[in-house]
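Here is the file input.pdb (PDB, C-alpha atoms and all ligand atoms).
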MODEL        1
ATOM      1  CA  MET A   1       0.284  13.045  14.388  1.00  0.00           C
ATOM      2  CA  THR A   2       3.451  11.511  12.927  1.00  0.00           C
ATOM      3  CA  PRO A   3       3.805  11.640   9.148  1.00  0.00           C
ATOM      4  CA  ASN A   4       3.380   7.866   8.912  1.00  0.00           C
ATOM      5  CA  LEU A   5       0.224   7.856  10.973  1.00  0.00           C
ATOM      6  CA  LEU A   6      -1.190  10.716   8.936  1.00  0.00           C
ATOM      7  CA  ARG A   7      -0.440   8.845   5.749  1.00  0.00           C
ATOM      8  CA  ASP A   8      -2.101   5.661   7.025  1.00  0.00           C
ATOM      9  CA  ARG A   9      -5.203   7.527   8.152  1.00  0.00           C
ATOM     10  CA  LEU A  10      -5.539   9.328   4.842  1.00  0.00           C
ATOM     11  CA  ALA A  11      -5.037   6.044   2.966  1.00  0.00           C
ATOM     12  CA  ASP A  12      -7.900   4.561   5.028  1.00  0.00           C
ATOM     13  CA  ARG A  13     -10.173   7.496   4.264  1.00  0.00           C
ATOM     14  CA  ILE A  14      -9.456   7.247   0.553  1.00  0.00           C
ATOM     15  CA  GLN A  15     -10.138   3.511   0.695  1.00  0.00           C
ATOM     16  CA  GLN A  16     -13.475   4.063   2.446  1.00  0.00           C
ATOM     17  CA  VAL A  17     -14.529   6.672  -0.091  1.00  0.00           C
ATOM     18  CA  GLU A  18     -13.468   4.341  -2.894  1.00  0.00           C
ATOM     19  CA  THR A  19     -15.649   1.540  -1.466  1.00  0.00           C
ATOM     20  CA  ARG A  20     -18.639   3.870  -1.191  1.00  0.00           C
ATOM     21  CA  LEU A  21     -18.101   5.223  -4.705  1.00  0.00           C
ATOM     22  CA  ARG A  22     -17.918   1.705  -6.149  1.00  0.00           C
ATOM     23  CA  ALA A  23     -21.109   0.704  -4.368  1.00  0.00           C
ATOM     24  CA  ALA A  24     -22.957   3.810  -5.595  1.00  0.00           C
ATOM     25  CA  CYS A  25     -21.777   3.207  -9.158  1.00  0.00           C
ATOM     26  CA  GLN A  26     -22.887  -0.379  -8.947  1.00  0.00           C
ATOM     27  CA  ARG A  27     -26.357   0.582  -7.693  1.00  0.00           C
ATOM     28  CA  ALA A  28     -26.686   2.946 -10.645  1.00  0.00           C
ATOM     29  CA  GLY A  29     -25.323   0.480 -13.203  1.00  0.00           C
ATOM     30  CA  ARG A  30     -22.399   2.774 -13.906  1.00  0.00           C
ATOM     31  CA  ALA A  31     -18.689   2.059 -14.253  1.00  0.00           C
ATOM     32  CA  ARG A  32     -16.459   3.440 -11.482  1.00  0.00           C
ATOM     33  CA  GLY A  33     -14.341   5.025 -14.215  1.00  0.00           C
ATOM     34  CA  GLU A  34     -17.172   7.376 -15.134  1.00  0.00           C
ATOM     35  CA  VAL A  35     -16.745   9.284 -11.856  1.00  0.00           C
ATOM     36  CA  THR A  36     -13.667  11.311 -10.931  1.00  0.00           C
ATOM     37  CA  LEU A  37     -12.866  11.900  -7.285  1.00  0.00           C
ATOM     38  CA  VAL A  38     -11.739  15.489  -6.752  1.00  0.00           C
ATOM     39  CA  ALA A  39     -10.118  15.874  -3.330  1.00  0.00           C
ATOM     40  CA  VAL A  40     -10.950  19.363  -2.054  1.00  0.00           C
ATOM     41  CA  THR A  41      -7.840  20.463  -0.192  1.00  0.00           C
ATOM     42  CA  LYS A  42      -9.063  23.894   0.953  1.00  0.00           C
ATOM     43  CA  THR A  43      -8.959  23.013   4.646  1.00  0.00           C
ATOM     44  CA  VAL A  44      -5.593  21.256   4.699  1.00  0.00           C
ATOM     45  CA  PRO A  45      -1.981  22.372   4.335  1.00  0.00           C
ATOM     46  CA  VAL A  46      -0.029  21.573   1.229  1.00  0.00           C
ATOM     47  CA  GLU A  47       1.794  18.686   2.960  1.00  0.00           C
ATOM     48  CA  VAL A  48      -1.493  16.829   3.309  1.00  0.00           C
ATOM     49  CA  ALA A  49      -2.437  17.605  -0.280  1.00  0.00           C
ATOM     50  CA  ALA A  50       0.946  16.152  -1.274  1.00  0.00           C
ATOM     51  CA  LEU A  51       0.113  12.950   0.615  1.00  0.00           C
ATOM     52  CA  ALA A  52      -3.189  12.609  -1.228  1.00  0.00           C
ATOM     53  CA  LEU A  53      -1.262  12.891  -4.456  1.00  0.00           C
ATOM     54  CA  GLU A  54       1.224  10.224  -3.343  1.00  0.00           C
ATOM     55  CA  LEU A  55      -1.708   7.991  -2.503  1.00  0.00           C
ATOM     56  CA  GLY A  56      -2.937   8.261  -6.074  1.00  0.00           C
ATOM     57  CA  VAL A  57      -5.475  11.087  -5.970  1.00  0.00           C
ATOM     58  CA  LEU A  58      -4.383  13.263  -8.881  1.00  0.00           C
ATOM     59  CA  ASP A  59      -7.412  15.568  -9.039  1.00  0.00           C
ATOM     60  CA  LEU A  60      -7.315  18.296  -6.403  1.00  0.00           C
ATOM     61  CA  GLY A  61      -9.814  21.112  -5.937  1.00  0.00           C
ATOM     62  CA  GLU A  62      -9.527  24.562  -4.376  1.00  0.00           C
ATOM     63  CA  ASN A  63     -12.252  27.165  -4.029  1.00  0.00           C
ATOM     64  CA  ARG A  64      -9.920  30.151  -3.527  1.00  0.00           C
ATOM     65  CA  PRO A  65      -7.679  31.120  -6.433  1.00  0.00           C
ATOM     66  CA  GLN A  66      -4.826  32.315  -4.180  1.00  0.00           C
ATOM     67  CA  GLU A  67      -4.781  28.965  -2.403  1.00  0.00           C
ATOM     68  CA  LEU A  68      -4.766  27.135  -5.734  1.00  0.00           C
ATOM     69  CA  TRP A  69      -1.821  29.247  -6.920  1.00  0.00           C
ATOM     70  CA  SER A  70       0.245  28.611  -3.819  1.00  0.00           C
ATOM     71  CA  LYS A  71      -0.465  24.879  -3.650  1.00  0.00           C
ATOM     72  CA  ALA A  72       0.137  24.504  -7.384  1.00  0.00           C
ATOM     73  CA  ALA A  73       3.528  26.177  -6.971  1.00  0.00           C
ATOM     74  CA  ALA A  74       4.491  23.674  -4.273  1.00  0.00           C
ATOM     75  CA  LEU A  75       3.197  20.456  -5.852  1.00  0.00           C
ATOM     76  CA  PRO A  76       4.277  18.577  -8.988  1.00  0.00           C
ATOM     77  CA  PRO A  77       2.691  19.426 -12.352  1.00  0.00           C
ATOM     78  CA  SER A  78       1.053  15.982 -12.417  1.00  0.00           C
ATOM     79  CA  VAL A  79      -1.776  17.402 -10.276  1.00  0.00           C
ATOM     80  CA  ARG A  80      -4.943  18.206 -12.186  1.00  0.00           C
ATOM     81  CA  TRP A  81      -6.227  21.355 -10.485  1.00  0.00           C
ATOM     82  CA  HIS A  82      -9.950  22.017 -10.312  1.00  0.00           C
ATOM     83  CA  ALA A  83     -11.061  25.580  -9.598  1.00  0.00           C
ATOM     84  CA  ILE A  84     -14.369  25.123  -7.780  1.00  0.00           C
ATOM     85  CA  GLY A  85     -15.114  28.508  -6.187  1.00  0.00           C
ATOM     86  CA  HIS A  86     -16.228  31.921  -7.333  1.00  0.00           C
ATOM     87  CA  LEU A  87     -13.596  33.312  -9.691  1.00  0.00           C
ATOM     88  CA  GLN A  88     -13.191  37.077  -9.872  1.00  0.00           C
ATOM     89  CA  ARG A  89     -12.165  38.394 -13.230  1.00  0.00           C
ATOM     90  CA  ASN A  90      -8.937  39.869 -11.855  1.00  0.00           C
ATOM     91  CA  LYS A  91      -7.869  36.343 -10.832  1.00  0.00           C
ATOM     92  CA  ILE A  92      -8.373  34.787 -14.257  1.00  0.00           C
ATOM     93  CA  GLU A  93      -4.975  35.497 -15.737  1.00  0.00           C
ATOM     94  CA  ARG A  94      -3.026  33.628 -13.035  1.00  0.00           C
ATOM     95  CA  THR A  95      -5.550  30.839 -12.634  1.00  0.00           C
ATOM     96  CA  LEU A  96      -6.046  29.763 -16.250  1.00  0.00           C
ATOM     97  CA  PRO A  97      -2.578  28.349 -16.895  1.00  0.00           C
ATOM     98  CA  LEU A  98      -2.869  26.204 -13.745  1.00  0.00           C
ATOM     99  CA  ALA A  99      -6.421  24.904 -13.948  1.00  0.00           C
ATOM    100  CA  HIS A 100      -7.369  21.638 -15.612  1.00  0.00           C
ATOM    101  CA  LEU A 101     -11.075  22.499 -15.298  1.00  0.00           C
ATOM    102  CA  ILE A 102     -12.993  25.486 -13.962  1.00  0.00           C
ATOM    103  CA  HIS A 103     -16.191  24.209 -12.351  1.00  0.00           C
ATOM    104  CA  SER A 104     -17.640  27.495 -11.215  1.00  0.00           C
ATOM    105  CA  VAL A 105     -18.417  29.764 -14.152  1.00  0.00           C
ATOM    106  CA  ASP A 106     -21.353  31.671 -12.725  1.00  0.00           C
ATOM    107  CA  SER A 107     -22.047  34.575 -15.103  1.00  0.00           C
ATOM    108  CA  LEU A 108     -21.945  35.540 -18.765  1.00  0.00           C
ATOM    109  CA  ARG A 109     -19.519  38.319 -17.870  1.00  0.00           C
ATOM    110  CA  LEU A 110     -17.067  35.797 -16.496  1.00  0.00           C
ATOM    111  CA  LEU A 111     -17.606  33.526 -19.470  1.00  0.00           C
ATOM    112  CA  SER A 112     -16.733  36.241 -21.967  1.00  0.00           C
ATOM    113  CA  ALA A 113     -13.727  37.341 -19.901  1.00  0.00           C
ATOM    114  CA  LEU A 114     -12.511  33.727 -19.929  1.00  0.00           C
ATOM    115  CA  ASP A 115     -13.050  33.542 -23.664  1.00  0.00           C
ATOM    116  CA  ALA A 116     -10.993  36.691 -24.225  1.00  0.00           C
ATOM    117  CA  GLU A 117      -8.202  35.545 -21.927  1.00  0.00           C
ATOM    118  CA  SER A 118      -8.068  32.148 -23.683  1.00  0.00           C
ATOM    119  CA  ALA A 119      -7.503  33.576 -27.147  1.00  0.00           C
ATOM    120  CA  GLY A 120      -3.811  32.650 -27.290  1.00  0.00           C
ATOM    121  CA  ARG A 121      -4.203  29.106 -25.978  1.00  0.00           C
ATOM    122  CA  GLU A 122      -3.379  25.994 -27.977  1.00  0.00           C
ATOM    123  CA  LYS A 123      -6.386  24.100 -26.665  1.00  0.00           C
ATOM    124  CA  PRO A 124      -9.806  25.450 -25.766  1.00  0.00           C
ATOM    125  CA  LEU A 125     -10.396  26.222 -22.100  1.00  0.00           C
ATOM    126  CA  ASP A 126     -12.646  23.624 -20.459  1.00  0.00           C
ATOM    127  CA  VAL A 127     -15.256  24.929 -18.052  1.00  0.00           C
ATOM    128  CA  LEU A 128     -18.466  23.926 -16.338  1.00  0.00           C
ATOM    129  CA  LEU A 129     -21.353  26.292 -15.726  1.00  0.00           C
ATOM    130  CA  GLU A 130     -22.394  26.580 -12.091  1.00  0.00           C
ATOM    131  CA  VAL A 131     -26.135  26.403 -11.566  1.00  0.00           C
ATOM    132  CA  ASN A 132     -27.776  27.511  -8.357  1.00  0.00           C
ATOM    133  CA  ALA A 133     -30.119  24.549  -8.563  1.00  0.00           C
ATOM    134  CA  SER A 134     -31.176  24.781  -4.919  1.00  0.00           C
ATOM    135  CA  GLN A 135     -31.984  28.485  -5.443  1.00  0.00           C
ATOM    136  CA  GLU A 136     -30.415  29.725  -2.210  1.00  0.00           C
ATOM    137  CA  ALA A 137     -29.833  33.475  -2.202  1.00  0.00           C
ATOM    138  CA  SER A 138     -26.351  33.062  -0.733  1.00  0.00           C
ATOM    139  CA  LYS A 139     -25.089  30.998  -3.643  1.00  0.00           C
ATOM    140  CA  HIS A 140     -23.408  31.866  -6.891  1.00  0.00           C
ATOM    141  CA  GLY A 141     -24.497  30.398 -10.176  1.00  0.00           C
ATOM    142  CA  PHE A 142     -26.993  30.735 -12.981  1.00  0.00           C
ATOM    143  CA  ALA A 143     -30.622  30.416 -11.969  1.00  0.00           C
ATOM    144  CA  PRO A 144     -32.129  27.227 -13.417  1.00  0.00           C
ATOM    145  CA  ALA A 145     -34.601  29.296 -15.449  1.00  0.00           C
ATOM    146  CA  GLU A 146     -31.713  31.204 -17.083  1.00  0.00           C
ATOM    147  CA  VAL A 147     -29.925  28.108 -18.282  1.00  0.00           C
ATOM    148  CA  PRO A 148     -32.108  27.241 -21.297  1.00  0.00           C
ATOM    149  CA  LEU A 149     -31.523  30.816 -22.547  1.00  0.00           C
ATOM    150  CA  LEU A 150     -27.751  30.406 -22.669  1.00  0.00           C
ATOM    151  CA  GLY A 151     -27.668  28.744 -26.087  1.00  0.00           C
ATOM    152  CA  SER A 152     -27.041  31.858 -28.096  1.00  0.00           C
ATOM    153  CA  PRO A 153     -24.265  33.353 -25.927  1.00  0.00           C
ATOM    154  CA  LEU A 154     -22.603  29.948 -25.754  1.00  0.00           C
ATOM    155  CA  ARG A 155     -22.559  29.604 -29.519  1.00  0.00           C
ATOM    156  CA  SER A 156     -20.622  32.854 -29.793  1.00  0.00           C
ATOM    157  CA  LEU A 157     -17.689  31.644 -27.662  1.00  0.00           C
ATOM    158  CA  ARG A 158     -14.466  31.028 -29.555  1.00  0.00           C
ATOM    159  CA  HIS A 159     -11.942  29.681 -27.078  1.00  0.00           C
ATOM    160  CA  VAL A 160     -13.986  28.218 -24.254  1.00  0.00           C
ATOM    161  CA  ARG A 161     -15.539  24.782 -24.374  1.00  0.00           C
ATOM    162  CA  VAL A 162     -18.353  24.071 -21.933  1.00  0.00           C
ATOM    163  CA  ARG A 163     -18.137  20.477 -20.748  1.00  0.00           C
ATOM    164  CA  GLY A 164     -21.186  20.414 -18.488  1.00  0.00           C
ATOM    165  CA  LEU A 165     -22.795  21.770 -15.337  1.00  0.00           C
ATOM    166  CA  MET A 166     -21.912  22.025 -11.658  1.00  0.00           C
ATOM    167  CA  THR A 167     -24.025  22.557  -8.568  1.00  0.00           C
ATOM    168  CA  MET A 168     -23.940  22.487  -4.774  1.00  0.00           C
ATOM    169  CA  ALA A 169     -27.012  21.037  -3.103  1.00  0.00           C
ATOM    170  CA  ALA A 170     -28.357  22.684   0.039  1.00  0.00           C
ATOM    171  CA  PRO A 171     -26.995  20.970   3.168  1.00  0.00           C
ATOM    172  CA  GLU A 172     -29.497  18.363   4.377  1.00  0.00           C
ATOM    173  CA  GLU A 173     -29.623  15.874   7.234  1.00  0.00           C
ATOM    174  CA  ASP A 174     -30.875  13.239   4.838  1.00  0.00           C
ATOM    175  CA  PRO A 175     -28.930  13.050   1.557  1.00  0.00           C
ATOM    176  CA  GLU A 176     -32.067  11.728  -0.168  1.00  0.00           C
ATOM    177  CA  CYS A 177     -33.374  15.296   0.056  1.00  0.00           C
ATOM    178  CA  CYS A 178     -30.630  16.336  -2.412  1.00  0.00           C
ATOM    179  CA  ARG A 179     -31.787  13.912  -5.072  1.00  0.00           C
ATOM    180  CA  PRO A 180     -34.304  16.291  -6.739  1.00  0.00           C
ATOM    181  CA  THR A 181     -31.582  18.972  -7.026  1.00  0.00           C
ATOM    182  CA  PHE A 182     -29.190  16.551  -8.708  1.00  0.00           C
ATOM    183  CA  ALA A 183     -31.888  15.159 -10.994  1.00  0.00           C
ATOM    184  CA  ALA A 184     -32.838  18.714 -11.986  1.00  0.00           C
ATOM    185  CA  LEU A 185     -29.228  19.501 -12.901  1.00  0.00           C
ATOM    186  CA  ARG A 186     -29.077  16.390 -15.059  1.00  0.00           C
ATOM    187  CA  ARG A 187     -32.258  17.366 -16.889  1.00  0.00           C
ATOM    188  CA  LEU A 188     -30.919  20.884 -17.536  1.00  0.00           C
ATOM    189  CA  ARG A 189     -27.744  19.337 -18.926  1.00  0.00           C
ATOM    190  CA  ASP A 190     -29.755  17.040 -21.207  1.00  0.00           C
ATOM    191  CA  GLN A 191     -31.717  20.028 -22.441  1.00  0.00           C
ATOM    192  CA  LEU A 192     -28.561  21.983 -23.282  1.00  0.00           C
ATOM    193  CA  ARG A 193     -26.990  18.975 -24.930  1.00  0.00           C
ATOM    194  CA  ASP A 194     -29.916  18.826 -27.323  1.00  0.00           C
ATOM    195  CA  ALA A 195     -30.013  22.586 -27.896  1.00  0.00           C
ATOM    196  CA  VAL A 196     -26.337  23.582 -28.104  1.00  0.00           C
ATOM    197  CA  GLY A 197     -23.953  21.518 -30.172  1.00  0.00           C
ATOM    198  CA  PRO A 198     -20.157  21.398 -30.597  1.00  0.00           C
ATOM    199  CA  PRO A 199     -17.638  22.453 -29.549  1.00  0.00           C
ATOM    200  CA  HIS A 200     -19.505  22.274 -26.244  1.00  0.00           C
ATOM    201  CA  ASP A 201     -20.040  18.687 -25.196  1.00  0.00           C
ATOM    202  CA  TRP A 202     -22.091  18.474 -21.983  1.00  0.00           C
ATOM    203  CA  SER A 203     -20.589  15.195 -20.831  1.00  0.00           C
ATOM    204  CA  HIS A 204     -19.993  16.280 -17.247  1.00  0.00           C
ATOM    205  CA  LEU A 205     -21.989  16.855 -14.087  1.00  0.00           C
ATOM    206  CA  SER A 206     -19.980  18.102 -11.114  1.00  0.00           C
ATOM    207  CA  MET A 207     -22.194  17.337  -8.139  1.00  0.00           C
ATOM    208  CA  GLY A 208     -21.860  15.600  -4.800  1.00  0.00           C
ATOM    209  CA  MET A 209     -19.951  16.627  -1.675  1.00  0.00           C
ATOM    210  CA  SER A 210     -19.160  14.744   1.529  1.00  0.00           C
ATOM    211  CA  GLY A 211     -22.757  14.626   2.755  1.00  0.00           C
ATOM    212  CA  ASP A 212     -24.454  13.642  -0.473  1.00  0.00           C
ATOM    213  CA  PHE A 213     -22.007  12.189  -2.987  1.00  0.00           C
ATOM    214  CA  GLU A 214     -23.536   8.728  -3.239  1.00  0.00           C
ATOM    215  CA  VAL A 215     -26.931  10.129  -4.218  1.00  0.00           C
ATOM    216  CA  ALA A 216     -25.157  12.411  -6.715  1.00  0.00           C
ATOM    217  CA  VAL A 217     -23.419   9.420  -8.302  1.00  0.00           C
ATOM    218  CA  GLU A 218     -26.748   7.608  -8.556  1.00  0.00           C
ATOM    219  CA  GLU A 219     -28.097  10.665 -10.393  1.00  0.00           C
ATOM    220  CA  GLY A 220     -25.250  10.802 -12.909  1.00  0.00           C
ATOM    221  CA  SER A 221     -22.413  12.797 -11.355  1.00  0.00           C
ATOM    222  CA  THR A 222     -19.062  12.582 -13.144  1.00  0.00           C
ATOM    223  CA  PHE A 223     -17.087  14.685 -10.607  1.00  0.00           C
ATOM    224  CA  VAL A 224     -17.610  14.369  -6.866  1.00  0.00           C
ATOM    225  CA  ARG A 225     -15.874  17.113  -4.857  1.00  0.00           C
ATOM    226  CA  LEU A 226     -14.937  15.762  -1.442  1.00  0.00           C
ATOM    227  CA  GLY A 227     -13.262  17.577   1.427  1.00  0.00           C
ATOM    228  CA  THR A 228     -14.587  16.704   4.885  1.00  0.00           C
ATOM    229  CA  VAL A 229     -14.957  12.966   4.354  1.00  0.00           C
ATOM    230  CA  LEU A 230     -11.309  12.733   3.301  1.00  0.00           C
ATOM    231  CA  PHE A 231      -9.557  15.252   5.516  1.00  0.00           C
ATOM    232  CA  GLU A 232     -11.607  16.091   8.614  1.00  0.00           C
ATOM    233  CA  GLY A 233      -9.532  15.748  11.762  1.00  0.00           C
ATOM    234  CA  LEU A 234      -6.328  14.953   9.882  1.00  0.00           C
ATOM    235  CA  ALA A 235      -4.720  18.371   9.906  1.00  0.00           C
TER     236      ALA A 235
HETATM  237  C1  LIG A 301     -15.638  22.885   0.194  1.00  0.00           C
HETATM  238  C2  LIG A 301     -16.278  22.523  -1.065  1.00  0.00           C
HETATM  239  C3  LIG A 301     -16.556  21.182  -1.362  1.00  0.00           C
HETATM  240  C4  LIG A 301     -16.242  20.039  -0.400  1.00  0.00           C
HETATM  241  O1  LIG A 301     -17.204  20.018   0.612  1.00  0.00           O
HETATM  242  P1  LIG A 301     -17.225  18.858   1.729  1.00  0.00           P
HETATM  243  O2  LIG A 301     -18.611  18.896   2.245  1.00  0.00           O
HETATM  244  O3  LIG A 301     -16.191  19.235   2.732  1.00  0.00           O
HETATM  245  O4  LIG A 301     -16.913  17.590   1.033  1.00  0.00           O
HETATM  246  C5  LIG A 301     -17.112  20.893  -2.588  1.00  0.00           C
HETATM  247  N1  LIG A 301     -17.433  21.866  -3.472  1.00  0.00           N
HETATM  248  C6  LIG A 301     -17.194  23.161  -3.227  1.00  0.00           C
HETATM  249  C7  LIG A 301     -17.555  24.174  -4.253  1.00  0.00           C
HETATM  250  C8  LIG A 301     -16.622  23.538  -2.014  1.00  0.00           C
HETATM  251  O5  LIG A 301     -16.391  24.833  -1.765  1.00  0.00           O
ENDMDL
END
Reformat the file's structure so that it appears as structure tokens.
Amino acid sequence: MTPNLLRDRLADRIQQVETRLRAACQRAGRARGEVTLVAVTKTVPVEVAALALELGVLDLGENRPQELWSKAAALPPSVRWHAIGHLQRNKIERTLPLAHLIHSVDSLRLLSALDAESAGREKPLDVLLEVNASQEASKHGFAPAEVPLLGSPLRSLRHVRVRGLMTMAAPEEDPECCRPTFAALRRLRDQLRDAVGPPHDWSHLSMGMSGDFEVAVEEGSTFVRLGTVLFEGLA
């Protein structure tokens, strides 16, 4: 594919996603500005990620820290990097200075390691807690039943600010089947918002991938993380 063709195809994909996002927001009575599109670039080379950026997508997501480091080194600092995959503690030090938001905090051990590593920062570190809302054994994240018990450990954090929750729904043929998972995440968030006050703010729900993002938006998502629908077949 020539660079121009690639650019045109990606522009079309972004346009189609934009149309679908607007329609989903409208159905839910929400403003399009309440939802951030995070383009998940894990399957594409940095040149394609650079094109997405040129086409106005400033929020890019990677699930592997090493891939985030190498793409971040090659792309301008205007990118807002979202770390969306399991983060091992030995990867924290290099990842923190690059990440705009960590979506995938999946244990109290990781949370306290992040808090310690953030001690010297000017601003608090923004994170989301990953919840294994679909309760699949293969997935990382807090069990839904654990989440209401997090109040006390969260209140002891000094340098980390929890901005909300993240989940991955189980893959389904029919995206409607994901709706209960997304609704459950929203209810957990509401519960925490009432139970745990500042500096945590609970404004965000990171939910919705290529197969189910419209349902996620209808259920209150503020970050959709899209890979396949943007990039499949392009690189
Ligand atoms: C890969 C990935 C996505 C994007 O999935 P698609 O179905 O390709 O849109 C979103 N979130 C996480 C955590 C991922 O690893």
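The neighbours of segment 23-29 of chain A here are the residues that come within 10 Å of it, using all atoms listed in the file and leaving out any residue fewer than 6 positions away in the same chain; they are Val17, Val35, Phe213, Glu214, Val215, Ala216, Val217, Glu218, Glu219, Gly220 and Ser221 of chain A.
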Please write as a PDB file with C-alpha atoms, keeping the file's coordinate frame the full residue list that the PyMOL selection byres (((chain A and resi 155) around 10) and not hetatm) yields on this file.
ATOM      1  CA  LEU A 150     -27.751  30.406 -22.669  1.00  0.00           C
ATOM      2  CA  GLY A 151     -27.668  28.744 -26.087  1.00  0.00           C
ATOM      3  CA  SER A 152     -27.041  31.858 -28.096  1.00  0.00           C
ATOM      4  CA  PRO A 153     -24.265  33.353 -25.927  1.00  0.00           C
ATOM      5  CA  LEU A 154     -22.603  29.948 -25.754  1.00  0.00           C
ATOM      6  CA  SER A 156     -20.622  32.854 -29.793  1.00  0.00           C
ATOM      7  CA  LEU A 157     -17.689  31.644 -27.662  1.00  0.00           C
ATOM      8  CA  ARG A 158     -14.466  31.028 -29.555  1.00  0.00           C
ATOM      9  CA  ARG A 161     -15.539  24.782 -24.374  1.00  0.00           C
ATOM     10  CA  VAL A 196     -26.337  23.582 -28.104  1.00  0.00           C
ATOM     11  CA  GLY A 197     -23.953  21.518 -30.172  1.00  0.00           C
ATOM     12  CA  PRO A 198     -20.157  21.398 -30.597  1.00  0.00           C
ATOM     13  CA  PRO A 199     -17.638  22.453 -29.549  1.00  0.00           C
ATOM     14  CA  HIS A 200     -19.505  22.274 -26.244  1.00  0.00           C
TER      15      HIS A 200
END
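Here the PyMOL selection byres (((chain A and resi 101) around 7) and not hetatm) catches exactly these residues: Trp81, His82, Ala83, Ala99, His100, Ile102, His103, Asp126 and Val127 of chain A.
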How close does chain A get to ligand LIG 301 (chain A)? List, as JSON lines, each residue of chain A within 8 Å, its nearest atom pair and the distance in Å to one decimal, counting all atoms listed in the file.
{"residue": "A:Ala39", "atom": "CA", "partner": "A:LIG301", "partner_atom": "C4", "distance": 8.0}
{"residue": "A:Val40", "atom": "CA", "partner": "A:LIG301", "partner_atom": "C4", "distance": 5.6}
{"residue": "A:Lys42", "atom": "CA", "partner": "A:LIG301", "partner_atom": "C1", "distance": 6.7}
{"residue": "A:Glu62", "atom": "CA", "partner": "A:LIG301", "partner_atom": "O5", "distance": 7.3}
{"residue": "A:Asn63", "atom": "CA", "partner": "A:LIG301", "partner_atom": "O5", "distance": 5.3}
{"residue": "A:Ile84", "atom": "CA", "partner": "A:LIG301", "partner_atom": "C7", "distance": 4.8}
{"residue": "A:Gly85", "atom": "CA", "partner": "A:LIG301", "partner_atom": "C7", "distance": 5.3}
{"residue": "A:Ser104", "atom": "CA", "partner": "A:LIG301", "partner_atom": "C7", "distance": 7.7}
{"residue": "A:Thr167", "atom": "CA", "partner": "A:LIG301", "partner_atom": "C7", "distance": 7.9}
{"residue": "A:Met168", "atom": "CA", "partner": "A:LIG301", "partner_atom": "C7", "distance": 6.6}
{"residue": "A:Gly208", "atom": "CA", "partner": "A:LIG301", "partner_atom": "C5", "distance": 7.4}
{"residue": "A:Met209", "atom": "CA", "partner": "A:LIG301", "partner_atom": "O4", "distance": 4.2}
{"residue": "A:Ser210", "atom": "CA", "partner": "A:LIG301", "partner_atom": "O4", "distance": 3.7}
{"residue": "A:Gly211", "atom": "CA", "partner": "A:LIG301", "partner_atom": "O2", "distance": 6.0}
{"residue": "A:Val224", "atom": "CA", "partner": "A:LIG301", "partner_atom": "C5", "distance": 7.8}
{"residue": "A:Arg225", "atom": "CA", "partner": "A:LIG301", "partner_atom": "C5", "distance": 4.6}
{"residue": "A:Leu226", "atom": "CA", "partner": "A:LIG301", "partner_atom": "O4", "distance": 3.7}
{"residue": "A:Gly227", "atom": "CA", "partner": "A:LIG301", "partner_atom": "O3", "distance": 3.6}
{"residue": "A:Thr228", "atom": "CA", "partner": "A:LIG301", "partner_atom": "O3", "distance": 3.7}
{"residue": "A:Val229", "atom": "CA", "partner": "A:LIG301", "partner_atom": "O4", "distance": 6.0}
{"residue": "A:Leu230", "atom": "CA", "partner": "A:LIG301", "partner_atom": "O4", "distance": 7.8}
Apply the PyMOL selection byres (((chain A and resi 9) around 12) and not hetatm) to the structure shown and report the selected residues as JSON, numbers by chain. {"A": [1, 2, 3, 4, 5, 6, 7, 8, 10, 11, 12, 13, 14, 15, 16, 48, 51, 52, 55, 229, 230, 231, 232, 233, 234, 235]}
Show which residues sit within 6 Å of Cys178 of chain A, as a PyMOL selection string. Count all atoms listed in the file, and ignore same-chain residues fewer than 3 positions away. chain A and resi 169+175+181
Can you write just those residues out, C-alpha atoms, as a PDB file, in the coordinates of the input?
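Printed below is again_36.pdb as written:
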ATOM      1  CA  ALA A 169     -27.012  21.037  -3.103  1.00  0.00           C
ATOM      2  CA  PRO A 175     -28.930  13.050   1.557  1.00  0.00           C
ATOM      3  CA  THR A 181     -31.582  18.972  -7.026  1.00  0.00           C
TER       4      THR A 181
END
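Note that the spacing between atom CA of Met166 of chain A and atom CA of Leu205 of chain A amounts to 5.7 Å.
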Which protein, DNA or RNA residues are at most 12 Å from (-4.7, 37.4, -21.0) in the file's coordinates when you count only C-alpha atoms, listed as a ChimeraX atom specification? /A:89-97,113-121
Using C-alpha atoms, can you write the selected residues to a file as a short mmCIF file (atom, residue, chain, number, x, y, z; two decimals), in the coordinates of the input?
data_model
loop_
_atom_site.label_atom_id
_atom_site.label_comp_id
_atom_site.auth_asym_id
_atom_site.auth_seq_id
_atom_site.Cartn_x
_atom_site.Cartn_y
_atom_site.Cartn_z
CA ARG A 89 -12.16 38.39 -13.23
CA ASN A 90 -8.94 39.87 -11.86
CA LYS A 91 -7.87 36.34 -10.83
CA ILE A 92 -8.37 34.79 -14.26
CA GLU A 93 -4.97 35.50 -15.74
CA ARG A 94 -3.03 33.63 -13.04
CA THR A 95 -5.55 30.84 -12.63
CA LEU A 96 -6.05 29.76 -16.25
CA PRO A 97 -2.58 28.35 -16.90
CA ALA A 113 -13.73 37.34 -19.90
CA LEU A 114 -12.51 33.73 -19.93
CA ASP A 115 -13.05 33.54 -23.66
CA ALA A 116 -10.99 36.69 -24.22
CA GLU A 117 -8.20 35.54 -21.93
CA SER A 118 -8.07 32.15 -23.68
CA ALA A 119 -7.50 33.58 -27.15
CA GLY A 120 -3.81 32.65 -27.29
CA ARG A 121 -4.20 29.11 -25.98
#
The residue from A:Asp59, A:Val162, A:Ala143, A:Leu128 with the smallest atom-to-atom distance to Ala184 of chain A, counting only C-alpha atoms, is A:Ala143
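Our summary of the geometry notes that atom CA of Val38 of chain A is positioned 23.9 Å from atom CA of Glu136 of chain A.
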Students should find that atom CA of Arg186 of chain A and atom CA of Gln88 of chain A are spaced 26.6 Å
